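Novice: Take a look at this one; I'll ask things after.
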Amino acid sequence: SVTMNYSLKQFKTDLKQLLVRCGVEGEKVLYFVEDHQLVNPAFLEIINSLLSGAEVPGLFTNEELDGLCAPLREEMATMGFEHKSLFSFFTSRVKQNLHVALSMDPGNEAFAMRCEANPALYNRCSIQWMDAWSKEGLIQVPEMMLKEVMDTSEEDSDEHLVEQMVELQEMVGGTPRQYVAFVEMYRKIFVAKRGE
């Protein structure tokens, strides 16, 4: 879990473990990162390097790489001369097994700068633009998230709660993530007040 105290050192340690899973163990991994988790600008620069070449320069020492890649020697030999080095074989396995998904809000003031500074976001990624939710989607989110709360409530006004949340979202606007955060905050406050 990424918090404001999540350091670059912790990020690199986690990334090393991820690359070992993909490059050495051959595990298929989806690495999902949301823009609010990019608490240090260097995180996105490292992800940019990873997207560009399936490696992060300087992440592993030569000694670490020698130890990591040793178990791959036999497997690489069975593939012929396709790869010139164990490291090349390792990075090819990372490319094959690691999928990076970035969720970024174009409304975020840092969005344009982040994209311009990290070209792999354009030339190594498929971009999926997500529009606003439909009215049906706006209704389903609080119904699902508040089901427990509504089932235990005896208030008559609860039947109009979802309707009011949808109306508020349509008036104020905001991203789907903000709407989910709004509904979650309501749930937390409701549960806290119920406990009083």
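Identifiers in the structure tokens: chain A, B, ... in order shown; residue index from 1 per chain; ligand index from 1 in order shown.
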Might you pull out every residue within 10 Å of range 107-121 of chain A, with only C-alpha atoms counted and same-chain residues fewer than 4 positions away left off, and present them as a ChimeraX atom specification?

Specialist: /A:35-36,41,44-53,102,125-127,174-175

Novice: Export N, CA and C atoms of the chosen residues as an mmCIF file, in the first residue's frame?

Specialist:
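What follows is the written file part-v3.cif:
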```
data_model
loop_
_atom_site.group_PDB
_atom_site.id
_atom_site.type_symbol
_atom_site.label_atom_id
_atom_site.label_comp_id
_atom_site.auth_asym_id
_atom_site.auth_seq_id
_atom_site.Cartn_x
_atom_site.Cartn_y
_atom_site.Cartn_z
ATOM 1 N N ASP A 35 -2.587 7.410 -10.353
ATOM 2 C CA ASP A 35 -1.776 8.621 -10.287
ATOM 3 C C ASP A 35 -1.590 9.148 -8.868
ATOM 4 N N HIS A 36 -2.546 8.923 -7.999
ATOM 5 C CA HIS A 36 -2.382 9.397 -6.621
ATOM 6 C C HIS A 36 -1.309 8.615 -5.869
ATOM 7 N N PRO A 41 7.964 12.050 -7.926
ATOM 8 C CA PRO A 41 8.062 12.113 -9.395
ATOM 9 C C PRO A 41 8.972 11.035 -9.986
ATOM 10 N N LEU A 44 7.304 7.687 -11.538
ATOM 11 C CA LEU A 44 6.849 7.648 -12.929
ATOM 12 C C LEU A 44 8.024 7.570 -13.892
ATOM 13 N N GLU A 45 9.138 8.208 -13.557
ATOM 14 C CA GLU A 45 10.336 8.117 -14.395
ATOM 15 C C GLU A 45 10.815 6.666 -14.458
ATOM 16 N N ILE A 46 10.770 5.969 -13.331
ATOM 17 C CA ILE A 46 11.188 4.567 -13.287
ATOM 18 C C ILE A 46 10.212 3.710 -14.083
ATOM 19 N N ILE A 47 8.919 3.970 -13.934
ATOM 20 C CA ILE A 47 7.919 3.227 -14.710
ATOM 21 C C ILE A 47 8.116 3.489 -16.194
ATOM 22 N N ASN A 48 8.466 4.718 -16.567
ATOM 23 C CA ASN A 48 8.749 5.062 -17.959
ATOM 24 C C ASN A 48 9.904 4.207 -18.493
ATOM 25 N N SER A 49 10.975 4.069 -17.707
ATOM 26 C CA SER A 49 12.114 3.229 -18.109
ATOM 27 C C SER A 49 11.689 1.776 -18.258
ATOM 28 N N LEU A 50 10.879 1.323 -17.329
ATOM 29 C CA LEU A 50 10.386 -0.055 -17.363
ATOM 30 C C LEU A 50 9.557 -0.305 -18.621
ATOM 31 N N LEU A 51 8.703 0.641 -18.961
ATOM 32 C CA LEU A 51 7.884 0.515 -20.167
ATOM 33 C C LEU A 51 8.739 0.562 -21.428
ATOM 34 N N SER A 52 9.771 1.387 -21.412
ATOM 35 C CA SER A 52 10.623 1.557 -22.595
ATOM 36 C C SER A 52 11.439 0.314 -22.923
ATOM 37 N N GLY A 53 12.033 -0.304 -21.894
ATOM 38 C CA GLY A 53 12.928 -1.413 -22.195
ATOM 39 C C GLY A 53 12.847 -2.597 -21.266
ATOM 40 N N LEU A 102 -1.649 1.983 -15.916
ATOM 41 C CA LEU A 102 -1.631 3.260 -15.214
ATOM 42 C C LEU A 102 -3.013 3.872 -15.306
ATOM 43 N N CYS A 125 2.218 2.405 -24.617
ATOM 44 C CA CYS A 125 0.979 2.112 -23.897
ATOM 45 C C CYS A 125 -0.219 2.226 -24.831
ATOM 46 N N SER A 126 -1.250 1.517 -24.493
ATOM 47 C CA SER A 126 -2.548 1.704 -25.130
ATOM 48 C C SER A 126 -3.347 2.609 -24.210
ATOM 49 N N ILE A 127 -3.853 3.688 -24.747
ATOM 50 C CA ILE A 127 -4.582 4.650 -23.925
ATOM 51 C C ILE A 127 -6.072 4.386 -24.041
ATOM 52 N N GLY A 174 -17.472 15.871 -11.477
ATOM 53 C CA GLY A 174 -16.351 15.158 -10.867
ATOM 54 C C GLY A 174 -16.109 13.848 -11.583
ATOM 55 N N THR A 175 -14.980 13.273 -11.288
ATOM 56 C CA THR A 175 -14.585 12.023 -11.939
ATOM 57 C C THR A 175 -15.272 10.837 -11.273
#
```

Novice: From a DSSP pass on the backbone, collect the residues of chain A flagged as strand (DSSP E) and hand them back as an NGL selection string.

Specialist: :A and (29-34 or 98-103)

Novice: Could you pull the residues within 12 Å of range 132-146 of chain A, counting only C-alpha atoms, minus those fewer than 4 positions along the same chain, as a ChimeraX atom specification?

Specialist: /A:150-153,158-170,173-191

Novice: Any chance you could export the current selection's C-alpha atoms as a CSV table (one decimal), in the first residue's frame?

Specialist:
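Result written to part37.csv:
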```
chain,number,residue,atom,x,y,z
A,150,MET,CA,-29.3,0.4,3.8
A,151,ASP,CA,-30.3,-3.1,4.8
A,152,THR,CA,-29.7,-2.4,8.5
A,153,SER,CA,-31.2,1.1,8.5
A,158,ASP,CA,-33.0,5.9,2.8
A,159,GLU,CA,-35.1,5.0,-0.2
A,160,HIS,CA,-34.3,8.4,-1.7
A,161,LEU,CA,-30.6,8.4,-0.8
A,162,VAL,CA,-29.3,6.9,-4.0
A,163,GLU,CA,-31.4,9.3,-6.0
A,164,GLN,CA,-30.0,12.3,-4.1
A,165,MET,CA,-26.4,11.1,-4.5
A,166,VAL,CA,-26.9,10.8,-8.3
A,167,GLU,CA,-28.5,14.2,-8.5
A,168,LEU,CA,-25.6,15.7,-6.5
A,169,GLN,CA,-23.0,14.0,-8.7
A,170,GLU,CA,-24.8,15.4,-11.8
A,173,GLY,CA,-19.7,16.8,-11.6
A,174,GLY,CA,-16.4,15.2,-10.9
A,175,THR,CA,-14.6,12.0,-11.9
A,176,PRO,CA,-15.9,8.5,-11.3
A,177,ARG,CA,-13.1,8.1,-8.7
A,178,GLN,CA,-14.3,11.2,-6.9
A,179,TYR,CA,-17.9,9.8,-6.9
A,180,VAL,CA,-16.8,6.5,-5.5
A,181,ALA,CA,-14.8,8.4,-2.8
A,182,PHE,CA,-17.9,10.5,-2.0
A,183,VAL,CA,-20.1,7.4,-1.6
A,184,GLU,CA,-17.4,5.6,0.5
A,185,MET,CA,-17.1,8.7,2.8
A,186,TYR,CA,-20.9,8.8,3.2
A,187,ARG,CA,-20.7,5.1,4.2
A,188,LYS,CA,-18.0,5.7,6.8
A,189,ILE,CA,-19.8,8.7,8.3
A,190,PHE,CA,-23.0,6.7,8.4
A,191,VAL,CA,-21.4,3.8,10.2
```

Novice: Let me make sure I understand: among A:Phe11, A:Phe89, A:Leu19, A:Val39, which one has the smallest atom-to-atom distance to Arg73 in chain A if we use only C-alpha atoms?

Specialist: A:Phe89

Novice: Would you please extract all helix (DSSP H, G or I) residues from range 98-163 of chain A, as assigned by DSSP on the backbone, and give them as a ChimeraX atom specification?

Specialist: /A:111-117,120-123,135-145,147-152,156-163

Novice: Provide the CA of Leu18 in chain A to CA of Thr61 in chain A distance in Å, to one decimal place.

Specialist: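 These atoms are spaced 16.0 Å apart.
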
Novice: Excluding same-chain residues fewer than 4 positions from Glu34 in chain A, what lies within 8 Å of it counting only C-alpha atoms, as a count of residues only?

Specialist: 4
